[in-house]
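For reference, data_37.cif is printed below; it contains mmCIF, C-alpha atoms.
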data_data
loop_
_atom_site.label_atom_id
_atom_site.label_comp_id
_atom_site.auth_asym_id
_atom_site.auth_seq_id
_atom_site.Cartn_x
_atom_site.Cartn_y
_atom_site.Cartn_z
CA ILE A 1168 0.00 0.00 0.00
CA ASN A 1169 2.84 2.33 0.87
CA HIS A 1170 4.58 1.44 -2.36
CA LYS A 1171 1.48 1.82 -4.35
CA TRP A 1172 -0.07 4.88 -2.72
CA PHE A 1173 2.78 6.75 -1.21
CA HIS A 1174 5.48 5.76 -3.69
CA GLU A 1175 7.88 4.54 -0.96
CA ALA A 1176 10.89 2.40 -1.94
CA PRO A 1177 10.56 -1.35 -1.26
CA PRO A 1178 12.64 -2.77 1.65
CA PHE A 1179 16.17 -4.00 0.82
CA LEU A 1180 15.86 -7.36 2.67
CA THR A 1181 13.06 -9.23 1.12
CA VAL A 1182 12.13 -12.88 1.35
CA GLU A 1183 13.17 -13.43 -2.24
CA ARG A 1184 16.56 -11.83 -1.70
CA LEU A 1185 17.00 -13.77 1.56
CA LEU A 1186 16.27 -17.04 -0.19
CA TRP A 1187 18.65 -16.23 -3.02
CA SER A 1188 21.32 -15.22 -0.50
CA LEU A 1189 20.86 -18.47 1.41
CA LEU A 1190 20.99 -20.39 -1.83
CA GLY A 1191 24.22 -18.63 -2.80
CA LEU A 1192 25.77 -19.26 0.56
CA SER A 1193 24.78 -22.91 0.36
CA ILE A 1194 26.29 -23.23 -3.10
CA LEU A 1195 29.46 -21.43 -1.98
CA SER A 1196 29.70 -23.62 1.12
CA ALA A 1197 29.22 -26.73 -0.98
CA VAL A 1198 31.93 -25.60 -3.37
CA LEU A 1199 34.30 -24.76 -0.55
CA ILE A 1200 33.55 -28.04 1.19
CA GLY A 1201 34.08 -29.85 -2.10
CA ILE A 1202 37.38 -28.09 -2.66
CA TRP A 1203 38.49 -28.82 0.94
CA ARG A 1204 37.37 -32.42 0.66
CA HIS A 1205 39.21 -32.79 -2.63
CA TYR A 1206 42.31 -31.32 -0.99
CA LEU A 1207 42.00 -33.66 1.96
CA LEU A 1208 41.46 -36.66 -0.31
CA ARG A 1209 44.51 -35.73 -2.36
CA GLN A 1210 46.54 -35.26 0.83
CA TYR A 1211 45.24 -38.53 2.23
CA LYS A 1212 46.02 -40.28 -1.06
CA THR A 1213 49.52 -38.82 -1.02
CA ASP A 1214 50.05 -39.94 2.59
CA ILE A 1215 48.69 -43.39 1.75
CA GLU A 1216 51.01 -43.65 -1.25
CA LYS A 1217 53.99 -42.58 0.86
CA THR A 1218 53.05 -45.06 3.59
CA VAL A 1219 52.56 -47.85 1.07
CA THR A 1220 55.87 -46.99 -0.60
CA LEU A 1221 57.66 -46.94 2.77
CA ARG A 1222 56.02 -50.18 3.95
CA THR A 1223 56.76 -51.80 0.60
CA GLN A 1224 60.40 -50.76 0.86
CA GLN A 1225 60.59 -52.02 4.44
CA LEU A 1226 58.96 -55.28 3.41
CA ASN A 1227 61.36 -55.66 0.48
CA ASP A 1228 64.30 -54.94 2.80
CA LYS A 1229 62.98 -57.47 5.30
CA ILE A 1230 62.49 -60.08 2.58
CA ALA A 1231 65.98 -59.39 1.24
CA GLN A 1232 67.45 -59.68 4.74
CA GLN A 1233 65.49 -62.87 5.33
CA ASN A 1234 66.72 -64.26 2.02
CA ARG A 1235 70.31 -63.40 2.95
CA THR A 1236 69.84 -64.99 6.38
CA GLU A 1237 68.32 -68.11 4.84
CA ALA A 1238 71.17 -68.29 2.34
CA ILE A 1239 73.72 -68.02 5.18
CA LEU A 1240 71.82 -70.66 7.17
CA ARG A 1241 71.70 -72.98 4.15
CA GLU A 1242 75.42 -72.48 3.61
CA ARG A 1243 76.18 -73.19 7.26
CA GLU A 1244 73.87 -76.18 7.31
CA ALA A 1245 75.62 -77.50 4.21
CA MET A 1246 79.02 -76.98 5.85
CA LEU A 1247 77.85 -78.63 9.09
CA SER A 1248 76.31 -81.49 7.16
CA LEU A 1249 79.54 -81.94 5.18
CA HIS A 1250 81.60 -81.83 8.39
CA PHE A 1251 79.15 -84.17 10.14
CA GLU A 1252 79.34 -86.69 7.33
CA HIS A 1253 83.11 -86.63 6.82
CA THR A 1254 84.43 -86.29 10.36
CA PRO A 1255 86.62 -89.29 11.29
CA LEU A 1256 84.67 -89.65 14.54
CA ALA A 1257 81.33 -91.41 14.71
CA ALA A 1258 78.79 -88.55 14.77
CA ILE A 1259 75.31 -89.41 16.02
CA THR A 1260 72.29 -87.31 17.00
CA TRP A 1261 69.64 -88.60 19.41
CA ASP A 1262 66.20 -87.17 20.12
CA SER A 1263 64.89 -86.65 23.66
CA HIS A 1264 63.77 -90.31 23.76
CA PHE A 1265 67.28 -91.55 22.87
CA ARG A 1266 66.26 -92.51 19.33
CA CYS A 1267 68.78 -92.02 16.54
CA THR A 1268 68.05 -89.14 14.14
CA GLN A 1269 71.47 -88.80 12.43
CA TRP A 1270 74.15 -91.41 11.77
CA ASN A 1271 77.25 -90.64 9.71
CA SER A 1272 79.54 -92.92 7.71
CA ALA A 1273 82.10 -93.17 10.52
CA ALA A 1274 79.33 -94.52 12.78
CA GLU A 1275 78.45 -97.05 10.08
CA GLU A 1276 82.06 -98.18 9.96
CA LEU A 1277 82.47 -98.31 13.73
CA PHE A 1278 79.27 -100.09 14.73
CA GLY A 1279 78.39 -101.91 11.50
CA PHE A 1280 74.84 -100.57 11.16
CA SER A 1281 73.96 -98.65 8.00
CA LYS A 1282 72.32 -95.24 8.22
CA ASP A 1283 68.95 -96.68 7.20
CA GLU A 1284 69.25 -99.40 9.84
CA ALA A 1285 70.15 -96.93 12.60
CA ILE A 1286 67.78 -94.00 12.02
CA GLY A 1287 64.73 -94.20 14.27
CA ARG A 1288 66.06 -96.98 16.49
CA ASP A 1289 66.65 -96.75 20.21
CA ALA A 1290 70.27 -96.52 21.39
CA PHE A 1291 69.78 -99.58 23.59
CA GLU A 1292 68.85 -101.59 20.49
CA LEU A 1293 71.94 -100.40 18.64
CA VAL A 1294 75.08 -99.99 20.75
CA ILE A 1295 74.36 -100.33 24.48
CA PRO A 1296 75.01 -103.70 26.23
CA ASN A 1297 72.23 -105.02 28.43
CA THR A 1298 74.50 -104.88 31.47
CA LEU A 1299 75.00 -101.12 31.08
CA GLN A 1300 71.47 -99.96 30.28
CA LEU A 1301 70.77 -98.46 33.71
CA GLU A 1302 74.13 -96.68 33.79
CA ILE A 1303 73.78 -95.24 30.26
CA ASP A 1304 70.16 -94.24 30.89
CA GLU A 1305 71.34 -92.25 33.90
CA ILE A 1306 74.02 -90.54 31.79
CA PHE A 1307 71.46 -89.57 29.12
CA GLN A 1308 69.00 -88.26 31.71
CA ALA A 1309 71.80 -86.25 33.32
CA LEU A 1310 72.49 -84.68 29.91
CA LEU A 1311 68.86 -83.63 29.44
CA ASP A 1312 68.75 -82.29 33.02
CA GLU A 1313 72.12 -80.53 32.50
CA ARG A 1314 73.67 -82.38 35.44
CA GLY A 1315 76.65 -83.77 33.49
CA GLY A 1316 77.23 -86.70 31.16
CA ASN A 1317 79.12 -84.66 28.57
CA HIS A 1318 82.03 -87.10 28.61
CA SER A 1319 81.97 -90.83 29.28
CA ILE A 1320 83.93 -94.01 28.55
CA ASN A 1321 82.04 -97.27 28.41
CA GLU A 1322 81.65 -100.57 26.60
CA ASN A 1323 79.52 -100.74 23.46
CA ILE A 1324 78.43 -103.52 21.14
CA THR A 1325 78.58 -103.70 17.37
CA LYS A 1326 76.23 -105.26 14.85
CA ASP A 1327 78.31 -108.46 14.83
CA LYS A 1328 78.10 -108.59 18.67
CA ARG A 1329 81.70 -107.54 19.32
CA THR A 1330 82.36 -105.60 22.52
CA ILE A 1331 84.44 -102.46 22.11
CA GLN A 1332 85.54 -99.64 24.38
CA CYS A 1333 84.31 -96.20 23.25
CA GLU A 1334 84.89 -92.64 24.40
CA TRP A 1335 81.83 -90.36 24.05
CA PHE A 1336 81.60 -86.56 23.86
CA ASN A 1337 77.99 -85.37 24.21
CA THR A 1338 76.38 -81.95 23.65
CA VAL A 1339 72.78 -80.98 24.47
CA ILE A 1340 70.78 -79.27 21.68
CA LYS A 1341 68.13 -76.77 22.87
CA ASP A 1342 65.15 -75.05 21.24
CA ASP A 1343 64.54 -71.29 21.21
CA SER A 1344 63.09 -71.41 24.73
CA GLY A 1345 66.19 -73.15 26.09
CA SER A 1346 64.57 -76.55 26.58
CA PRO A 1347 66.69 -79.62 25.66
CA ILE A 1348 65.34 -81.36 22.57
CA ALA A 1349 68.22 -83.57 21.42
CA VAL A 1350 71.78 -84.75 22.08
CA ALA A 1351 74.67 -84.65 19.60
CA SER A 1352 77.36 -87.27 20.23
CA LEU A 1353 80.88 -87.81 18.95
CA CYS A 1354 82.37 -91.25 19.56
CA GLN A 1355 85.73 -92.92 19.00
CA ASP A 1356 86.92 -96.49 19.45
CA ILE A 1357 89.62 -96.65 22.14
CA THR A 1358 89.70 -100.45 22.45
CA ARG A 1359 93.35 -100.70 21.38
CA GLN A 1360 94.30 -97.81 23.63
CA LYS A 1361 92.63 -99.52 26.59
CA GLN A 1362 94.32 -102.80 25.70
CA ALA A 1363 97.66 -101.01 25.55
CA GLU A 1364 96.97 -99.36 28.91
CA THR A 1365 96.05 -102.74 30.39
CA ALA A 1366 99.20 -104.33 28.95
CA LEU A 1367 101.27 -101.46 30.28
CA GLN A 1368 99.72 -101.86 33.72
CA ILE A 1369 100.41 -105.60 33.68
CA ALA A 1370 104.00 -104.97 32.60
CA LYS A 1371 104.38 -102.39 35.36
CA GLU A 1372 103.04 -104.82 37.95
CA ARG A 1373 105.34 -107.56 36.66
CA ALA A 1374 108.31 -105.20 36.76
CA GLU A 1375 107.44 -104.22 40.32
CA GLU A 1376 107.09 -107.90 41.25
CA SER A 1377 110.41 -108.65 39.56
CA ASN A 1378 112.05 -105.83 41.51
CA ARG A 1379 110.63 -107.20 44.75
CA ALA A 1380 111.87 -110.70 43.85
CA LYS A 1381 115.26 -109.28 42.95
CA SER A 1382 115.47 -107.46 46.26
CA THR A 1383 114.48 -110.62 48.11
CA PHE A 1384 116.98 -112.66 46.11
CA LEU A 1385 119.80 -110.21 46.74
CA ALA A 1386 119.00 -110.16 50.44
CA ASN A 1387 119.05 -113.96 50.59
CA MET A 1388 122.20 -114.20 48.50
CA SER A 1389 123.89 -111.61 50.68
CA HIS A 1390 123.18 -113.78 53.69
CA GLU A 1391 124.16 -117.00 51.92
CA LEU A 1392 127.43 -115.52 50.65
CA ARG A 1393 128.42 -113.78 53.82
CA THR A 1394 127.89 -116.82 56.07
CA PRO A 1395 130.53 -119.12 54.42
CA LEU A 1396 132.79 -116.13 53.74
CA HIS A 1397 132.66 -115.29 57.43
CA GLY A 1398 133.54 -118.92 58.24
CA ILE A 1399 136.49 -118.87 55.86
CA LEU A 1400 137.86 -115.64 57.25
CA SER A 1401 137.27 -116.58 60.87
CA PHE A 1402 138.83 -120.07 60.79
CA SER A 1403 141.71 -119.01 58.53
CA GLU A 1404 142.51 -116.20 60.94
CA LEU A 1405 142.26 -118.61 63.88
CA GLY A 1406 144.50 -121.12 62.10
CA ILE A 1407 147.10 -118.47 61.44
CA LYS A 1408 147.14 -117.55 65.12
CA LYS A 1409 147.38 -121.19 66.25
CA VAL A 1410 150.16 -122.27 63.89
CA GLY A 1411 153.00 -123.71 65.96
CA SER A 1412 150.99 -123.94 69.17
CA ALA A 1413 147.79 -125.84 68.35
CA PRO A 1414 147.74 -129.58 67.94
CA GLU A 1415 147.75 -130.89 64.39
CA GLU A 1416 144.32 -132.42 64.83
CA LYS A 1417 142.82 -129.11 65.85
CA LEU A 1418 144.45 -127.32 62.93
CA ARG A 1419 143.10 -129.99 60.59
CA GLY A 1420 139.61 -129.23 61.97
CA TYR A 1421 140.07 -125.54 61.25
CA PHE A 1422 141.18 -126.16 57.68
CA SER A 1423 138.36 -128.64 57.14
CA LYS A 1424 135.82 -125.97 58.14
CA ILE A 1425 137.57 -123.46 55.86
CA HIS A 1426 137.35 -125.99 53.03
CA ARG A 1427 133.64 -126.67 53.65
CA SER A 1428 132.90 -122.96 53.82
CA GLY A 1429 134.79 -122.47 50.56
CA GLN A 1430 132.80 -125.25 48.87
CA ARG A 1431 129.56 -123.73 50.11
CA LEU A 1432 130.62 -120.33 48.84
CA GLN A 1433 131.54 -121.83 45.47
CA ILE A 1434 128.11 -123.41 45.17
CA GLN A 1435 126.41 -120.07 45.92
CA VAL A 1436 128.57 -118.24 43.40
CA ASP A 1437 127.86 -120.90 40.76
CA ASP A 1438 124.10 -120.58 41.41
CA LEU A 1439 124.34 -116.81 41.16
CA LEU A 1440 126.27 -116.93 37.88
CA ASP A 1441 123.91 -119.53 36.44
#
Represent the structure from my file as structure tokens, please.
Amino acid sequence: INHKWFHEAPPFLTVERLLWSLLGLSILSAVLIGIWRHYLLRQYKTDIEKTVTLRTQQLNDKIAQQNRTEAILREREAMLSLHFEHTPLAAITWDSHFRCTQWNSAAEELFGFSKDEAIGRDAFELVIPNTLQLEIDEIFQALLDERGGNHSINENITKDKRTIQCEWFNTVIKDDSGSPIAVASLCQDITRQKQAETALQIAKERAEESNRAKSTFLANMSHELRTPLHGILSFSELGIKKVGSAPEEKLRGYFSKIHRSGQRLQIQVDDLLD
């Protein structure tokens, strides 16, 4: 009415203008939000790409390191396997139940069992005499309990039932947690060495016995030689003193005793020389 009748200017803020303003602000906000979202997405994508690139590089480095480690382990295992197989000592590995898991060529030669015959069999079936089972079982248990048993000398049997003397060097194998899981053994035949030691001991005892007999013999001979020699010297000295004063019969008795003592001394000397 004012606009129509009094020619007044219409108000600046109208509903139409307010709606258009709100619409413009909404569109501007949407554009700004879209731009900001696009920026964030690009930034997020860039961060993701960097993270993926870094993780990929780390993974590749880890795989490369693992491959190098595995190559070193394979090389060492090959070296250990070569050493295990060609060592001059019998090399045997036992599991925690005393069953054979490794058996090299020296063990085949020493005990007579082939690798296929030995693998998986109990030690008491292979090389331990029945008379020593309790003793050897105690040694093996001491190894697993880390109470000793790293070195032992005992009798063993071969496939053809021969008894031999063997010297054993044992090492406990542990898992990552430190629990014993196996025993690695090195063994050598010392039968000849023991026989030589026994022979040497017998020879020593015989030599000592011979020395004792010699001492006894010399003591006896000293007595046996000195007794007639004392008679000879005593009666000859007495005869010398009595010459010219003693009766002939008495002197004859002195010289007879000297003669008998001389004969006795001669017999002892002959026995000694013989």
Could you spell out the hits of the PyMOL selection byres ((chain A and resi 1254) around 12) on the shown file, as a VMD selection string?
chain A and resid 1246 to 1253 1255 to 1259 1270 to 1274 1353 to 1355
Set the distance at 8 Å and use only C-alpha atoms: which residues neighbour A:Asp1262 once local chain neighbours fewer than 5 positions away are removed? I'd like the list as a ChimeraX atom specification.
/A:1267-1268,1348-1350
List the spatial neighbours of A:Ile1306 as a PyMOL selection string - criterion: any atom at most 9 Å away, all atoms listed in the file, same-chain residues fewer than 4 positions off excluded.
chain A and resi 1301-1302+1310-1311+1314-1317+1319
Just-selected residues, C-alpha atoms written as a CSV table (one decimal), keeping the file's coordinate frame:
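File again-v1.csv, as written:
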chain,number,residue,atom,x,y,z
A,1301,LEU,CA,70.8,-98.5,33.7
A,1302,GLU,CA,74.1,-96.7,33.8
A,1310,LEU,CA,72.5,-84.7,29.9
A,1311,LEU,CA,68.9,-83.6,29.4
A,1314,ARG,CA,73.7,-82.4,35.4
A,1315,GLY,CA,76.6,-83.8,33.5
A,1316,GLY,CA,77.2,-86.7,31.2
A,1317,ASN,CA,79.1,-84.7,28.6
A,1319,SER,CA,82.0,-90.8,29.3
7 Å contact set for stretch 1290-1300 of chain A, only C-alpha atoms, chain neighbours under 6 positions out, as an mmCIF file with C-alpha atoms, keeping the file's coordinate frame:
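Output below, filename part-v3.cif:
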data_model
loop_
_atom_site.group_PDB
_atom_site.id
_atom_site.type_symbol
_atom_site.label_atom_id
_atom_site.label_comp_id
_atom_site.auth_asym_id
_atom_site.auth_seq_id
_atom_site.Cartn_x
_atom_site.Cartn_y
_atom_site.Cartn_z
ATOM 1 C CA PHE A 1265 67.280 -91.550 22.870
ATOM 2 C CA ARG A 1266 66.260 -92.510 19.330
ATOM 3 C CA CYS A 1267 68.780 -92.020 16.540
ATOM 4 C CA ASN A 1323 79.520 -100.740 23.460
ATOM 5 C CA ILE A 1324 78.430 -103.520 21.140
ATOM 6 C CA THR A 1325 78.580 -103.700 17.370
#
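Atom CA of A:Glu1334 lies 7.5 Å from atom CA of A:His1318.
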Picked residues, the PyMOL selection byres ((chain A and resi 1360-1363) around 12), expected as a ChimeraX atom specification:
/A:1320-1322,1331-1334,1355-1359,1364-1371
Atomic separation - atom CA of A:Thr1394 relative to atom CA of A:Ala1380, Å
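Going from atom CA of A:Ala1380 over to atom CA of A:Thr1394 covers 21.1 Å.
Reported to one decimal place, the separation of atom CA of A:Asp1312 from atom CA of A:Leu1277 is 28.6 Å.
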List every protein, DNA or RNA residue with an atom no more than 12 Å from (70.5, -75.2, 23.3) in the file's coordinates, counting only C-alpha atoms, and format the result as a PyMOL selection string.
chain A and resi 1310-1311+1313+1338-1351
On this file, the PyMOL selection byres ((chain A and resi 1287) around 9) gives some set of residues; write that set as a list in words.
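Selected by the PyMOL selection byres ((chain A and resi 1287) around 9) in this file: Arg1266, Cys1267, Thr1268, Gln1269, Asp1283, Glu1284, Ala1285, Ile1286, Arg1288 and Asp1289 of chain A.
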